[in-house]
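First comes the structure, then the notes that go with it.
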Amino acid sequence: MKWKAIVAATVLAGVALGSVIAADGTHDSRIALMKKVGGAAGALGAIAKGDKPYDAGVVKAALMTIAENAKAFPDHFGPNSDKTDTEVNPKVWDNFDDFKAKANKLSSDAEVALAQLPADQAGVGAALKTLGGNCGACHQAYRITKN
């Protein structure tokens, strides 16, 4: 049990530190945030699929990671950020209010799931379905697909 607490604390510290360090609007800062969200979603996915056993600490840490990073993500696309990044769809700046709303919805839904912490594999799957829909909506509108 002590090991789980150490892992959860490390994840939370990494989220906080990453959000402070990475708020420079560079390609690397954006990728770092998305990797954190992807890793957290992967942890939830493993539980939802039954590849990993349900663990409330892991679920809580993953939902916190998603909530915090999604909330911080639009800050990495501010007016002084790197707009020459060829991997960023220019639609982000053209429709910034919508982009920000999509990120905030992901953050808000993760916070709701955190407040009503899923109690089992099925609950994690339901939460992940909602969160995945949010990710998909933003990616469909703003992500540049690589050929």
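Just so we're on the same page: first chain in the structure tokens is A, next is B, and so on; residues restart at 1 for each chain, and ligands are numbered from 1 in the order they show up.
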
Open item on the list: With DSSP run on the backbone, what are the helix (DSSP H, G or I) residues within segment 36-113 of chain A? I'd like them as a PyMOL selection string.
Closed with: chain A and resi 36-49+56-77+91-94+96-113

Give me, as JSON lines, each residue of segment 55-126 of chain A that comes within 6 Å of segment 29-51 of chain A, together with its shortest interatomic pair and the distance in Å at one decimal, counting only C-alpha atoms, with rows ordered by chain and rising residue number.
```
{"residue": "A:Ala62", "atom": "CA", "partner": "A:Ala40", "partner_atom": "CA", "distance": 4.5}
{"residue": "A:Ile66", "atom": "CA", "partner": "A:Val37", "partner_atom": "CA", "distance": 5.1}
{"residue": "A:Asn69", "atom": "CA", "partner": "A:Leu33", "partner_atom": "CA", "distance": 6.0}
{"residue": "A:Gln121", "atom": "CA", "partner": "A:Ala48", "partner_atom": "CA", "distance": 5.1}
{"residue": "A:Val124", "atom": "CA", "partner": "A:Ala48", "partner_atom": "CA", "distance": 5.6}
{"residue": "A:Gly125", "atom": "CA", "partner": "A:Ala48", "partner_atom": "CA", "distance": 4.6}
```

Can those selected residues be exported to a file as a PDB file, in the first residue's frame so that it contains N, CA, C and O atoms?
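File produced: result_12.pdb:
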```pdb
ATOM      1  N   ALA A  62      -4.996   9.188 -11.976  1.00  0.00           N
ATOM      2  CA  ALA A  62      -5.189   9.365 -13.416  1.00  0.00           C
ATOM      3  C   ALA A  62      -6.210  10.458 -13.699  1.00  0.00           C
ATOM      4  O   ALA A  62      -5.997  11.315 -14.571  1.00  0.00           O
ATOM      5  N   ILE A  66      -5.548  14.040 -15.672  1.00  0.00           N
ATOM      6  CA  ILE A  66      -6.337  14.493 -16.820  1.00  0.00           C
ATOM      7  C   ILE A  66      -6.959  15.852 -16.526  1.00  0.00           C
ATOM      8  O   ILE A  66      -6.882  16.768 -17.354  1.00  0.00           O
ATOM      9  N   ASN A  69      -4.127  18.710 -16.370  1.00  0.00           N
ATOM     10  CA  ASN A  69      -3.448  18.975 -17.637  1.00  0.00           C
ATOM     11  C   ASN A  69      -4.402  19.511 -18.693  1.00  0.00           C
ATOM     12  O   ASN A  69      -4.019  20.373 -19.483  1.00  0.00           O
ATOM     13  N   GLN A 121     -14.368  -1.674 -12.146  1.00  0.00           N
ATOM     14  CA  GLN A 121     -13.934  -1.701 -13.540  1.00  0.00           C
ATOM     15  C   GLN A 121     -14.982  -1.088 -14.468  1.00  0.00           C
ATOM     16  O   GLN A 121     -14.641  -0.289 -15.348  1.00  0.00           O
ATOM     17  N   VAL A 124     -15.024   2.697 -14.179  1.00  0.00           N
ATOM     18  CA  VAL A 124     -13.864   3.287 -14.853  1.00  0.00           C
ATOM     19  C   VAL A 124     -14.112   3.312 -16.358  1.00  0.00           C
ATOM     20  O   VAL A 124     -13.834   4.308 -17.034  1.00  0.00           O
ATOM     21  N   GLY A 125     -14.682   2.242 -16.879  1.00  0.00           N
ATOM     22  CA  GLY A 125     -14.993   2.183 -18.303  1.00  0.00           C
ATOM     23  C   GLY A 125     -15.977   3.265 -18.719  1.00  0.00           C
ATOM     24  O   GLY A 125     -15.807   3.908 -19.757  1.00  0.00           O
TER      25      GLY A 125
END
```

TODO: Do a neighbour search on Cys138 of chain A at 9 Å with only C-alpha atoms, toss out local chain neighbours closer than 6 positions, and write the hits as an NGL selection string.
DONE: :A and (99 or 102-103)

- [ ] Using only C-alpha atoms, find the one residue out of A:Gln140, A:Gln116, A:Asn134, A:Thr65 that sits nearest to Ala101 of chain A.
- [x] A:Asn134

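Nearest to Phe73 of chain A of all the residues A:Pro118, A:Pro90, A:Gly123, A:Gly25 is A:Gly25, counting only C-alpha atoms.
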
- [ ] Would you kindly return, as a PyMOL selection string, each protein, DNA or RNA residue with an atom no farther than 12 Å from any atom of Ala141 of chain A, considering only C-alpha atoms and excluding same-chain residues fewer than 2 positions away?
- [x] chain A and resi 88-92+94-96+98-99+102-103+134-139+143-145

Serialized selection, C-alpha atoms, as a PDB file, in the first residue's frame:
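Final output, part-v9.pdb:
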```
ATOM      1  CA  VAL A  88      -0.443  22.586 -34.499  1.00  0.00           C
ATOM      2  CA  ASN A  89      -3.522  23.162 -36.559  1.00  0.00           C
ATOM      3  CA  PRO A  90      -3.949  26.921 -37.165  1.00  0.00           C
ATOM      4  CA  LYS A  91      -7.651  26.401 -36.402  1.00  0.00           C
ATOM      5  CA  VAL A  92      -6.646  26.391 -32.721  1.00  0.00           C
ATOM      6  CA  ASP A  94      -8.858  30.802 -35.287  1.00  0.00           C
ATOM      7  CA  ASN A  95     -11.379  29.077 -32.974  1.00  0.00           C
ATOM      8  CA  PHE A  96      -9.619  29.509 -29.651  1.00  0.00           C
ATOM      9  CA  ASP A  98     -14.075  26.510 -28.905  1.00  0.00           C
ATOM     10  CA  PHE A  99     -10.657  24.916 -28.388  1.00  0.00           C
ATOM     11  CA  LYS A 102     -13.284  21.536 -25.351  1.00  0.00           C
ATOM     12  CA  ALA A 103     -10.266  21.414 -23.028  1.00  0.00           C
ATOM     13  CA  ASN A 134     -14.022  14.740 -25.117  1.00  0.00           C
ATOM     14  CA  CYS A 135     -10.549  13.882 -26.369  1.00  0.00           C
ATOM     15  CA  GLY A 136     -11.936  12.685 -29.680  1.00  0.00           C
ATOM     16  CA  ALA A 137     -14.009  15.832 -30.225  1.00  0.00           C
ATOM     17  CA  CYS A 138     -10.980  18.059 -29.770  1.00  0.00           C
ATOM     18  CA  HIS A 139      -8.682  15.854 -31.827  1.00  0.00           C
ATOM     19  CA  ARG A 143      -5.380  17.676 -34.382  1.00  0.00           C
ATOM     20  CA  ILE A 144      -3.299  17.417 -37.526  1.00  0.00           C
ATOM     21  CA  THR A 145      -3.226  13.833 -38.671  1.00  0.00           C
TER      22      THR A 145
END
```

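The neighbours of Ala113 of chain A here are the residues that come within 10 Å of it, using only C-alpha atoms and leaving out any residue fewer than 6 positions away in the same chain; they are Val59, Lys60, Leu63, Met64, Ala67, Ser107, Gly123, Val124, Ala126, Ala127, Leu128, Thr130 and Leu131 of chain A.
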
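Interatomic distance, atom CA of Val58 of chain A against atom CA of Asn104 of chain A: 22.3 Å.
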